[in-house]
Structure formats: C-alpha cells, structure tokens
Amino acid sequence: MDPTTDAADGPADADALRERCLQTLRSERASLRATSVVTATRAPDGAALFRFDLEHADGSAVTAVLRATVDPSTREPRYGELRADRGPALVQPGGTAPVVDAAV
C-alpha cells in the first residue's frame with residue numbers, strides 16, 4: 001500500500017493517513033529495525049500538536065508530543081515542553097517500552 005495522498009484531493013485526514021502509514025510499516029516490519037511516524041494535528045485552541053511515535057524491532061516504543069504556537073507579533077514559532085512516555089506497539093506486535101525522561 002502506498003501511504004501517499006494526492007494534494008488535489010484536499011487536506012488528508014490525519015488519523016486515516018497515519019493508519020495508512022502504519023499499515024505499510026506493518027507489511028514491511030520483517031525488514032525494518034526501527035520505525036517512526038510523525039503526525040501534526042490541531043489542539044482545540046488552534047495550537048499545533050506534533051506527535052512522534054518511535055518504535056524499535058526489540059519492542060521498545062516511545063510516543064512524544066510537542067505543542068507549538070506562533071507569536072502573532074513576530075510570526076516566530078513558540079514550542080512548549082516536549083512530553084514523552086511509553087508508546088504503544090504500533091508496528092511490532094507485543095512491544096513494551098522503557099520509561100523515557102522527556103527532559104533528555
């Protein structure tokens with residue numbers, strides 16, 4: 001399955017596109033050592049939320065979320081605290097993850 005989308009069709013649904021990417025990675029997991037999927041969505045207040053799902057073939061996984069807004073006077077991005085925690089096994093079945101310190 002090709003996880004691309006045609007821009008002429010308008011904005012892609014983030015959840016559907018993420019699932020298409022995961023399906024592609026799952027179909028190739030035997031040849032993959034590590035995977036990452038990055039998605040961007042909007043918080044109810046309009047801030048961007050970047051989600052990073054990282055997973056290793058050994059079963060360790062981490063999910064990190066970074067919140068970002070734009071300073072209206074300078075148009076410069078403002079990044080919130082990076083939050084990370086154990087991630088779900090999205091590609092490799094049965095994975096468990098170590099706890100990761102988000103400050104690293």
# chains A, B, ... in the order shown; residues from 1 in each chain; ligands from 1

$ residues_around --residues "A:Thr41" --least-positions-apart "5" --cutoff "10 Å" --atoms "only C-alpha atoms" --output "number ranges by chain"
A: 13-15, 46-51, 67

$ residues_around --residues "A:Val70" --least-positions-apart "4" --cutoff "10 Å" --atoms "only C-alpha atoms" --output "PyMOL selection string"
chain A and resi 47-48+74-79

$ residues_around --residues "A:Val62" --least-positions-apart "5" --cutoff "7 Å" --atoms "only C-alpha atoms" --output "list in words"
Asp53, Leu54, Glu55, Ala84, Asp85, Arg86, Gly87 and Ala97 of chain A

$ write_last_selection --atoms "all heavy atoms" --output "compact mmCIF listing (two decimals), in the first residue's frame"
# COMPACT_ATOMS: atom_id res chain seq x y z
N ASP A 53 5.77 8.92 17.05
CA ASP A 53 5.71 7.54 17.53
C ASP A 53 6.96 6.84 17.02
O ASP A 53 7.16 6.69 15.81
CB ASP A 53 4.46 6.84 17.00
CG ASP A 53 3.19 7.37 17.64
OD1 ASP A 53 3.05 7.19 18.86
OD2 ASP A 53 2.36 7.96 16.93
N LEU A 54 7.82 6.43 17.96
CA LEU A 54 9.09 5.79 17.63
C LEU A 54 9.06 4.37 18.18
O LEU A 54 8.64 4.14 19.32
CB LEU A 54 10.24 6.57 18.25
CG LEU A 54 10.22 8.08 18.01
CD1 LEU A 54 11.19 8.78 18.93
CD2 LEU A 54 10.51 8.39 16.56
N GLU A 55 9.55 3.43 17.39
CA GLU A 55 9.48 2.03 17.82
C GLU A 55 10.67 1.27 17.26
O GLU A 55 11.09 1.48 16.12
CB GLU A 55 8.18 1.42 17.29
CG GLU A 55 7.89 0.05 17.81
CD GLU A 55 6.50 -0.43 17.41
OE1 GLU A 55 5.71 0.37 16.87
OE2 GLU A 55 6.22 -1.62 17.62
N ALA A 84 7.08 13.06 26.68
CA ALA A 84 7.31 11.72 26.14
C ALA A 84 6.98 10.68 27.19
O ALA A 84 7.13 10.91 28.39
CB ALA A 84 8.76 11.57 25.69
N ASP A 85 6.52 9.54 26.71
CA ASP A 85 6.19 8.45 27.60
C ASP A 85 6.24 7.15 26.81
O ASP A 85 6.43 7.16 25.60
CB ASP A 85 4.79 8.66 28.20
CG ASP A 85 4.61 7.95 29.54
OD1 ASP A 85 5.43 7.05 29.88
OD2 ASP A 85 3.67 8.29 30.25
N ARG A 86 6.02 6.09 27.50
CA ARG A 86 5.92 4.79 26.85
C ARG A 86 4.96 4.88 25.68
O ARG A 86 3.92 5.50 25.81
CB ARG A 86 5.30 3.81 27.82
CG ARG A 86 6.15 2.71 28.26
CD ARG A 86 5.41 1.99 29.35
NE ARG A 86 6.14 2.27 30.55
CZ ARG A 86 6.53 1.36 31.41
NH1 ARG A 86 6.14 0.14 31.29
NH2 ARG A 86 7.26 1.68 32.43
N GLY A 87 5.33 4.26 24.59
CA GLY A 87 4.45 4.26 23.44
C GLY A 87 3.83 2.90 23.22
O GLY A 87 4.33 1.89 23.70
N ALA A 97 7.70 -0.88 26.38
CA ALA A 97 8.65 0.22 26.25
C ALA A 97 9.22 0.63 27.58
O ALA A 97 8.56 0.57 28.60
CB ALA A 97 7.94 1.41 25.61

$ residues_around --residues "A:Arg29" --least-positions-apart "3" --cutoff "7 Å" --atoms "only C-alpha atoms" --output "PDB file with N, CA and C atoms, in the first residue's frame"
ATOM      1  N   LEU A  25       4.075   0.138   7.163  1.00  0.00           N
ATOM      2  CA  LEU A  25       5.193  -0.284   8.011  1.00  0.00           C
ATOM      3  C   LEU A  25       4.992  -1.706   8.524  1.00  0.00           C
ATOM      4  N   ARG A  26       3.775  -2.044   8.921  1.00  0.00           N
ATOM      5  CA  ARG A  26       3.496  -3.408   9.403  1.00  0.00           C
ATOM      6  C   ARG A  26       3.763  -4.441   8.320  1.00  0.00           C
ATOM      7  N   LEU A  32      12.494  -4.148   8.831  1.00  0.00           N
ATOM      8  CA  LEU A  32      12.727  -2.858   9.488  1.00  0.00           C
ATOM      9  C   LEU A  32      13.322  -3.040  10.879  1.00  0.00           C
ATOM     10  N   VAL A  91       3.800  -1.125  15.325  1.00  0.00           N
ATOM     11  CA  VAL A  91       4.315  -1.865  14.174  1.00  0.00           C
ATOM     12  C   VAL A  91       4.728  -3.278  14.579  1.00  0.00           C
ATOM     13  N   GLN A  92       5.510  -3.384  15.646  1.00  0.00           N
ATOM     14  CA  GLN A  92       5.971  -4.686  16.127  1.00  0.00           C
ATOM     15  C   GLN A  92       4.986  -5.209  17.170  1.00  0.00           C
TER      16      GLN A  92
END

$ closest_residue --among "A:Arg83, A:Arg42, A:Arg20, A:Ala34" --to "A:Thr63" --atoms "only C-alpha atoms"
A:Arg83

$ atom_distance --atom1 "atom CA of A:Ala68" --atom2 "atom CA of A:Leu17"
21.2 Å

$ select_by_dssp --residues "stretch 19-48 of chain A" --states "helix (DSSP H, G or I)" --output "list in words"
Glu19, Arg20, Cys21, Leu22, Gln23, Thr24, Leu25, Arg26, Ser27, Arg29, Ala30 and Ser31 of chain A

$ atom_distance --atom1 "atom CA of A:Thr39" --atom2 "atom CA of A:Asp58"
23.0 Å
